[in-house]
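Asks: Provided herewith: start-v3.cif, mmCIF, C-alpha atoms.
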```
data_structure
#
loop_
_atom_site.label_atom_id
_atom_site.label_comp_id
_atom_site.auth_asym_id
_atom_site.auth_seq_id
_atom_site.Cartn_x
_atom_site.Cartn_y
_atom_site.Cartn_z
CA MET A 1 -30.36 26.37 72.64
CA ALA A 2 -31.00 23.78 69.96
CA THR A 3 -30.80 23.97 66.20
CA ILE A 4 -33.86 22.78 64.31
CA ASN A 5 -33.81 23.03 60.53
CA ALA A 6 -36.80 22.55 58.27
CA THR A 7 -36.42 22.29 54.51
CA ILE A 8 -39.22 22.39 51.96
CA ASN A 9 -39.00 21.43 48.32
CA ILE A 10 -41.87 21.96 45.92
CA GLY A 11 -41.77 20.94 42.28
CA SER A 12 -44.54 21.38 39.75
CA ASP A 13 -45.15 21.26 36.03
CA ILE A 14 -48.53 22.97 36.19
CA SER A 15 -47.26 25.88 34.17
CA SER A 16 -45.13 25.82 31.03
CA TYR A 17 -42.11 26.81 33.06
CA PRO A 18 -41.27 24.37 35.85
CA ILE A 19 -41.69 25.49 39.44
CA SER A 20 -38.90 24.55 41.80
CA ILE A 21 -39.00 25.95 45.32
CA SER A 22 -36.39 25.05 47.91
CA LYS A 23 -36.08 26.79 51.23
CA THR A 24 -34.54 25.96 54.61
CA MET A 25 -35.43 27.71 57.81
CA THR A 26 -33.90 27.49 61.24
CA MET A 27 -36.60 27.65 63.89
CA ASN A 28 -35.79 30.57 66.18
CA LYS A 29 -37.46 32.16 69.14
CA ALA A 30 -39.57 35.20 68.31
CA GLY A 31 -37.48 38.12 67.09
CA THR A 32 -34.14 36.52 67.97
CA SER A 33 -31.47 34.30 66.47
CA THR A 34 -31.77 31.88 69.39
CA GLY A 35 -33.02 28.49 68.37
CA LEU A 36 -36.17 26.88 69.70
CA ASP A 37 -35.28 24.36 72.39
CA GLU A 38 -38.60 22.89 73.49
CA THR A 39 -41.06 20.45 71.97
CA LEU A 40 -44.17 18.68 73.13
CA GLY A 41 -42.95 15.63 71.25
CA LEU A 42 -43.79 13.75 68.09
CA LYS A 43 -47.19 12.11 68.45
CA THR A 44 -49.27 9.72 66.40
CA LYS A 45 -53.00 9.48 66.98
CA LYS A 46 -55.42 6.91 65.62
CA PHE A 47 -58.82 8.24 64.54
CA ASN A 48 -61.80 5.97 63.90
CA SER A 49 -64.57 8.53 64.26
CA THR A 50 -65.28 12.02 63.02
CA VAL A 51 -65.10 13.52 66.50
CA ALA A 52 -62.56 16.34 66.73
CA ALA A 53 -59.43 15.98 68.83
CA GLU A 54 -57.09 18.63 70.13
CA ILE A 55 -53.62 18.39 68.64
CA ALA A 56 -52.20 21.67 69.99
CA THR A 57 -53.33 23.18 73.27
CA ALA A 58 -52.95 26.93 73.57
CA ALA A 59 -52.80 26.79 77.36
CA ASP A 60 -49.66 24.63 77.17
CA LEU A 61 -47.73 27.28 75.25
CA THR A 62 -46.64 30.86 75.77
CA ASN A 63 -49.04 33.12 73.92
CA ALA A 64 -48.04 35.12 70.83
CA LYS A 65 -44.69 33.47 70.23
CA ALA A 66 -43.02 31.71 67.29
CA HIS A 67 -44.28 28.17 67.81
CA LYS A 68 -44.36 25.82 64.82
CA LEU A 69 -46.83 23.01 64.23
CA TYR A 70 -46.09 20.08 61.95
CA VAL A 71 -48.98 17.79 60.98
CA ARG A 72 -49.12 14.84 58.58
CA ASN A 73 -51.92 12.56 57.53
CA ALA A 74 -50.03 9.29 57.88
CA SER A 75 -52.65 7.36 55.95
CA THR A 76 -52.46 6.94 52.20
CA ASN A 77 -56.08 7.13 51.05
CA LYS A 78 -56.52 10.30 48.99
CA ALA A 79 -60.31 10.07 49.33
CA ASN A 80 -60.18 10.71 53.07
CA PHE A 81 -58.81 13.65 54.98
CA PHE A 82 -58.55 15.53 58.25
CA TYR A 83 -60.00 18.96 58.83
CA ILE A 84 -57.44 21.07 60.65
CA ALA A 85 -58.99 24.01 62.49
CA TYR A 86 -57.90 26.93 64.61
CA HIS A 87 -60.73 26.42 67.08
CA ALA A 88 -61.08 25.58 70.76
CA THR A 89 -63.22 22.49 70.39
CA ASP A 90 -64.16 21.65 66.83
CA ALA A 91 -63.01 20.98 63.29
CA ALA A 92 -65.56 20.55 60.53
CA ALA A 93 -66.51 21.97 57.18
CA ASP A 94 -68.14 25.09 58.60
CA THR A 95 -65.94 25.61 61.64
CA ALA A 96 -64.43 29.07 61.92
CA GLU A 97 -61.58 28.96 61.34
CA VAL A 98 -60.90 25.79 59.43
CA ILE A 99 -57.45 26.07 57.93
CA GLY A 100 -57.70 23.27 55.43
CA LYS A 101 -58.09 19.61 54.59
CA LEU A 102 -55.16 17.27 54.95
CA TYR A 103 -55.60 14.33 52.59
CA GLY A 104 -53.82 11.00 52.80
CA GLY A 105 -50.07 11.59 52.74
CA ASP A 106 -50.38 15.36 52.95
CA TRP A 107 -48.44 17.39 55.48
CA MET A 108 -48.34 20.96 56.74
CA LEU A 109 -45.96 23.11 58.74
CA MET A 110 -47.15 26.44 60.05
CA PRO A 111 -46.33 29.09 62.62
CA TYR A 112 -48.78 29.05 65.52
CA ASN A 113 -49.46 31.80 68.06
CA ALA A 114 -51.10 29.61 70.73
CA ALA A 115 -54.03 31.95 71.24
CA THR A 116 -56.57 29.23 70.41
CA ASP A 117 -56.29 25.43 70.27
CA ILE A 118 -55.77 23.50 67.06
CA ASN A 119 -58.26 20.69 66.49
CA ALA A 120 -58.33 17.91 63.93
CA ALA A 121 -61.28 15.81 62.79
CA SER A 122 -61.29 12.87 60.45
CA SER A 123 -63.63 12.86 57.47
CA THR A 124 -64.35 9.19 57.94
CA THR A 125 -65.01 6.50 60.51
CA SER A 126 -62.41 4.34 58.76
CA VAL A 127 -59.12 4.25 60.59
CA GLN A 128 -56.79 7.14 59.82
CA TYR A 129 -53.60 8.13 61.58
CA LEU A 130 -52.45 11.68 62.23
CA GLU A 131 -48.86 12.52 63.09
CA TYR A 132 -48.08 15.88 64.69
CA MET A 133 -45.43 17.77 66.58
CA VAL A 134 -45.24 21.19 68.23
CA PHE A 135 -41.92 23.01 68.26
CA ALA A 136 -42.36 25.43 71.13
CA ASP A 137 -41.20 28.96 71.80
CA GLY A 138 -42.08 28.64 75.46
CA VAL A 139 -43.97 25.89 77.25
CA VAL A 140 -46.20 26.87 80.16
CA GLU A 141 -45.22 24.98 83.27
CA ALA A 142 -47.80 22.57 84.54
CA ILE A 143 -49.43 23.42 87.84
CA GLY A 144 -49.14 20.44 90.12
CA MET B 1 -51.97 15.95 34.01
CA ALA B 2 -49.67 18.08 36.05
CA THR B 3 -47.70 16.75 38.98
CA THR B 4 -46.98 18.89 42.01
CA THR B 5 -44.94 17.43 44.85
CA ALA B 6 -44.09 18.88 48.24
CA THR B 7 -41.49 17.41 50.56
CA VAL B 8 -40.33 18.44 54.00
CA SER B 9 -37.39 17.45 56.14
CA ILE B 10 -37.09 18.51 59.77
CA THR B 11 -33.85 17.71 61.54
CA SER B 12 -32.12 18.49 64.79
CA SER B 13 -29.13 16.87 66.39
CA ASP B 14 -29.55 18.54 69.76
CA LEU B 15 -33.25 19.17 70.44
CA THR B 16 -33.55 15.82 72.14
CA PRO B 17 -30.04 14.83 73.22
CA GLY B 18 -29.15 11.24 72.45
CA SER B 19 -32.01 10.92 70.00
CA PRO B 20 -31.45 13.01 66.88
CA LEU B 21 -34.65 14.24 65.28
CA SER B 22 -35.28 13.40 61.65
CA VAL B 23 -38.79 13.79 60.31
CA SER B 24 -39.54 13.78 56.62
CA ALA B 25 -42.60 13.58 54.42
CA SER B 26 -43.45 13.82 50.77
CA THR B 27 -46.78 14.17 49.08
CA THR B 28 -48.15 14.64 45.61
CA LEU B 29 -50.81 17.31 45.75
CA MET B 30 -54.11 16.12 44.30
CA GLN B 31 -57.50 17.55 43.59
CA ALA B 32 -59.83 17.13 46.57
CA GLY B 33 -60.64 13.48 47.09
CA LEU B 34 -59.09 12.36 43.80
CA THR B 35 -55.84 11.03 42.45
CA THR B 36 -55.78 13.69 39.75
CA GLY B 37 -53.15 16.40 39.99
CA LEU B 38 -53.82 20.06 40.60
CA THR B 39 -54.29 22.27 37.57
CA GLN B 40 -53.94 25.89 38.69
CA MET B 41 -51.33 27.98 40.44
CA GLU B 42 -50.33 31.53 41.15
CA THR B 43 -47.13 32.94 42.58
CA GLY B 44 -46.10 36.37 43.78
CA VAL B 45 -43.58 38.52 45.60
CA ILE B 46 -44.44 41.68 47.50
CA ASP B 47 -42.82 44.15 49.85
CA LEU B 48 -45.33 44.52 52.65
CA ALA B 49 -45.05 47.77 54.60
CA VAL B 50 -45.58 47.84 58.34
CA SER B 51 -49.25 47.72 59.41
CA THR B 52 -50.32 46.86 55.88
CA GLU B 53 -52.72 43.98 55.28
CA PHE B 54 -52.64 41.82 52.18
CA ARG B 55 -54.74 38.92 50.96
CA ILE B 56 -52.78 35.92 49.71
CA GLY B 57 -54.39 33.94 46.93
CA PRO B 58 -57.96 34.34 45.78
CA LEU B 59 -61.01 35.29 47.75
CA ALA B 60 -62.81 32.23 49.01
CA THR B 61 -65.75 33.19 46.83
CA GLN B 62 -63.54 33.31 43.75
CA VAL B 63 -62.30 29.78 44.16
CA SER B 64 -65.52 27.87 43.88
CA GLY B 65 -68.42 30.28 43.97
CA SER B 66 -70.90 29.47 46.67
CA ALA B 67 -69.71 25.86 46.99
CA HIS B 68 -66.65 25.72 49.22
CA ASP B 69 -64.61 23.01 50.86
CA ILE B 70 -62.03 22.60 48.14
CA GLY B 71 -58.47 21.29 48.24
CA SER B 72 -55.68 23.82 47.76
CA TYR B 73 -52.23 24.52 49.16
CA LEU B 74 -50.23 27.58 50.08
CA TYR B 75 -46.49 28.10 50.41
CA LEU B 76 -45.58 31.38 52.09
CA CYS B 77 -42.11 32.65 52.92
CA ASN B 78 -40.88 35.74 54.72
CA LYS B 79 -37.69 36.54 52.82
CA SER B 80 -36.72 39.43 55.08
CA THR B 81 -33.30 39.14 56.66
CA ASP B 82 -33.72 41.26 59.79
CA GLY B 83 -34.63 38.71 62.46
CA THR B 84 -36.89 41.19 64.25
CA TYR B 85 -39.19 41.52 61.22
CA TRP B 86 -42.38 39.50 61.18
CA ILE B 87 -45.83 39.27 59.75
CA ASP B 88 -48.90 37.67 61.18
CA TRP B 89 -51.02 35.37 59.09
CA GLY B 90 -54.57 34.29 59.53
CA ILE B 91 -57.89 33.39 58.02
CA HIS B 92 -60.65 35.96 57.98
CA GLU B 93 -60.02 38.01 61.15
CA SER B 94 -58.32 35.24 63.15
CA VAL B 95 -54.57 35.62 63.51
CA ILE B 96 -53.15 32.09 63.61
CA GLY B 97 -49.39 32.58 63.67
CA LEU B 98 -46.36 34.83 63.33
CA LEU B 99 -44.05 34.33 60.36
CA TYR B 100 -40.63 35.76 61.16
CA ALA B 101 -37.86 36.72 58.77
CA GLY B 102 -36.43 33.62 57.14
CA ASP B 103 -39.39 31.43 58.05
CA TRP B 104 -41.67 29.58 55.64
CA MET B 105 -44.99 27.80 56.00
CA PHE B 106 -46.98 25.31 53.96
CA ILE B 107 -50.66 24.65 54.61
CA PRO B 108 -53.73 23.21 52.99
CA TRP B 109 -56.58 25.69 52.55
CA ASN B 110 -60.18 24.72 51.94
CA ALA B 111 -61.89 28.12 51.52
CA SER B 112 -64.41 26.92 54.05
CA ASP B 113 -66.76 29.89 53.77
CA ASP B 114 -67.12 33.21 51.98
CA ASP B 115 -64.93 34.97 54.54
CA ALA B 116 -62.14 32.42 54.67
CA ALA B 117 -59.52 34.37 52.76
CA ILE B 118 -55.89 34.08 53.87
CA GLU B 119 -54.56 37.40 55.10
CA ILE B 120 -51.18 38.65 56.23
CA GLN B 121 -50.06 41.85 57.92
CA ALA B 122 -46.57 43.22 58.51
CA ASN B 123 -45.85 44.23 62.07
CA THR B 124 -42.24 45.37 61.98
CA GLY B 125 -40.55 47.01 59.02
CA THR B 126 -41.18 46.28 55.36
CA ASN B 127 -41.25 42.52 54.90
CA SER B 128 -40.39 40.81 51.63
CA ILE B 129 -42.95 38.07 51.11
CA GLU B 130 -43.18 35.40 48.44
CA TRP B 131 -45.88 32.84 47.93
CA ALA B 132 -47.08 30.06 45.70
CA PHE B 133 -50.67 28.90 45.68
CA PHE B 134 -51.80 25.62 44.09
CA ASN B 135 -55.38 24.51 43.58
CA SER B 136 -58.12 23.37 41.25
CA ASN B 137 -61.81 24.07 41.01
CA PHE B 138 -62.99 20.63 41.94
CA VAL B 139 -65.44 20.66 44.84
CA LEU B 140 -65.88 17.60 47.01
CA PRO B 141 -69.66 17.12 47.00
CA THR B 142 -70.03 15.83 50.54
CA ASP B 143 -67.82 14.92 53.44
CA ALA B 144 -66.42 11.43 52.98
CA GLY B 145 -67.54 10.69 56.51
#
```
Take the structure I supplied and represent it as structure tokens, if you would.

Replies:
Amino acid sequence: MATINATINIGSDISSYPISISKTMTMNKAGTSTGLDETLGLKTKKFNSTVAAEIATAADLTNAKAHKLYVRNASTNKANFFYIAYHATDAAADTAEVIGKLYGGDWMLMPYNAATDINAASSTTSVQYLEYMVFADGVVEAIG
Amino acid sequence: MATTTATVSITSSDLTPGSPLSVSASTTLMQAGLTTGLTQMETGVIDLAVSTEFRIGPLATQVSGSAHDIGSYLYLCNKSTDGTYWIDWGIHESVIGLLYAGDWMFIPWNASDDDAAIEIQANTGTNSIEWAFFNSNFVLPTDAG
């Protein structure tokens, strides 16, 4: 068993009273207090086309568990972004289901059930880098 | 102009023995494709009874009318303390993940079509859920690519 902590801090002055959110979670296996102890590793991928690429493969992970997916657009240009989609092969504006657009510097961390792949597609042919990591609640053993 | 920042730190001393994990990121949330800060937000707290569905944030059609593909961000936290409690979250009718007691998530959301609302459903017990949603009405005219 490992201990993985993730802390988020959000601050905003959109409203007249300041927003300050701070929360730490320990990543546990589904329905237990046992920590996640597997990962598919931290990866960085270079994109120079708008073709979608798989960043989480459902078949690699045990279905319907408490996996977590961290993704960051490691580029800085706020005019460009990545579509992130819960889809087997695609990620584009009209792909069901696109989750959202990750602009330069933006990040996301979400629970993932590994029922369908997660794909990412760059909005531009200019070079962009995507950083991502799956924290797994069960990795399916490879068949040799 | 408002400034909204979101930072994350992920650490583990024992996930990969001999190589402690330390990942961190910080971003200032901007209107889609711009360097102008977001202008709108909503927050909420609900007790979600088992088997009950709830939409988080606005309908996709309420965000930008018939023109979608916006930039917005959602923070969602399951504040329940019983580790067996969980909700599922998804977009439209696709369940994407399971948010257990004590867990949080942070995602971008682009309201990609009329049906692309974010929905949650409690599956065990009554879950205490809080959220914060940040956006603006700006619509990126075309894909940058």

Asks: Please list as number ranges by chain every residue within 7 Å of region 105-115 of chain B, counting all atoms listed in the file and excluding residues in the same chain fewer than 4 positions away.

Replies: A: 93-94, 98-102, 108-111; B: 60-61, 68-77, 92

Asks: Do you have, as a tab-separated table, the list of residues of chain A lying at most 8 Å from chain B, each with its nearest atom pair and that distance in Å to one decimal, counting all atoms listed in the file and ordered by chain then number?

Replies:
```
residue	atom	partner	partner_atom	distance
A:Ala2	CA	B:Leu15	CA	5.2
A:Thr3	CA	B:Ser12	CA	5.8
A:Ile4	CA	B:Ser12	CA	4.7
A:Asn5	CA	B:Thr11	CA	5.4
A:Ala6	CA	B:Ile10	CA	4.3
A:Thr7	CA	B:Ser9	CA	5.2
A:Ile8	CA	B:Val8	CA	4.6
A:Asn9	CA	B:Thr7	CA	5.2
A:Ile10	CA	B:Ala6	CA	4.4
A:Gly11	CA	B:Thr5	CA	5.4
A:Ser12	CA	B:Thr4	CA	4.2
A:Asp13	CA	B:Ala2	CA	5.5
A:Ile14	CA	B:Ala2	CA	5.0
A:Ser15	CA	B:Met41	CA	7.8
A:Lys23	CA	B:Trp104	CA	7.6
A:Met25	CA	B:Asp103	CA	5.4
A:Thr26	CA	B:Asp103	CA	7.5
A:Met27	CA	B:Asp103	CA	7.5
A:Ala30	CA	B:Tyr100	CA	7.2
A:Gly31	CA	B:Thr84	CA	4.2
A:Thr32	CA	B:Gly83	CA	5.9
A:Ser33	CA	B:Gly83	CA	6.7
A:Asp37	CA	B:Leu15	CA	5.9
A:Glu38	CA	B:Leu15	CA	7.2
A:Thr50	CA	B:Gly145	CA	7.0
A:Ala64	CA	B:Leu98	CA	7.7
A:Lys65	CA	B:Leu98	CA	7.2
A:Ala66	CA	B:Leu98	CA	6.0
A:His67	CA	B:Gly97	CA	7.9
A:Arg72	CA	B:Ala25	CA	7.8
A:Lys78	CA	B:Gly33	CA	5.5
A:Ala79	CA	B:Gly33	CA	4.1
A:Asn80	CA	B:Ala144	CA	6.3
A:Tyr86	CA	B:Ile96	CA	7.1
A:Ala93	CA	B:Ser112	CA	6.2
A:Asp94	CA	B:Ser112	CA	6.2
A:Thr95	CA	B:Ser112	CA	7.9
A:Glu97	CA	B:Ile91	CA	6.7
A:Val98	CA	B:Ser112	CA	6.5
A:Ile99	CA	B:Trp109	CA	5.5
A:Gly100	CA	B:Trp109	CA	3.9
A:Lys101	CA	B:Pro108	CA	5.9
A:Leu102	CA	B:Pro108	CA	6.4
A:Tyr103	CA	B:Gly33	CA	7.5
A:Gly105	CA	B:Thr27	CA	5.6
A:Asp106	CA	B:Thr27	CA	5.4
A:Trp107	CA	B:Ala25	CA	7.1
A:Met108	CA	B:Ile107	CA	4.9
A:Leu109	CA	B:Phe106	CA	5.4
A:Met110	CA	B:Met105	CA	4.8
A:Pro111	CA	B:Gly97	CA	4.8
A:Tyr112	CA	B:Gly97	CA	4.0
A:Asn113	CA	B:Gly97	CA	4.5
A:Ala114	CA	B:Ile96	CA	7.8
A:Ala115	CA	B:Ile96	CA	7.7
A:Ser122	CA	B:Gly145	CA	7.7
A:Ser123	CA	B:Gly145	CA	4.6
A:Thr124	CA	B:Gly145	CA	3.8
A:Thr125	CA	B:Gly145	CA	6.3
```

Asks: Just how far from CA of Ser22 (chain A) is CA of Ser128 (chain B), in Å to one decimal?

Replies: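 We find that CA of Ser128 (chain B) and CA of Ser22 (chain A) lie 16.7 Å from each other.
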
Asks: Find the residues around Gly125 (chain B) up to 8 Å (all atoms listed in the file counted), leave out those fewer than 3 positions away in its own chain, and share them as a PDB file with C-alpha atoms, keeping the file's coordinate frame.

Replies:
```pdb
ATOM      1  CA  ALA B  49     -45.050  47.770  54.600  1.00  0.00           C
ATOM      2  CA  VAL B  50     -45.580  47.840  58.340  1.00  0.00           C
ATOM      3  CA  TYR B  85     -39.190  41.520  61.220  1.00  0.00           C
ATOM      4  CA  ALA B 122     -46.570  43.220  58.510  1.00  0.00           C
TER       5      ALA B 122
END
```

Asks: Quick one: residues within 12 Å of Ala59 (chain A), only C-alpha atoms counted, chain neighbours fewer than 2 positions away excluded, as a PyMOL selection string?

Replies: chain A and resi 54+56-57+61-64+88+113-118+138-143

Asks: Would you work out the distance separating CA of Leu59 (chain B) from CA of Ser136 (chain B), expressed in Å to one decimal?

Replies: 13.9 Å
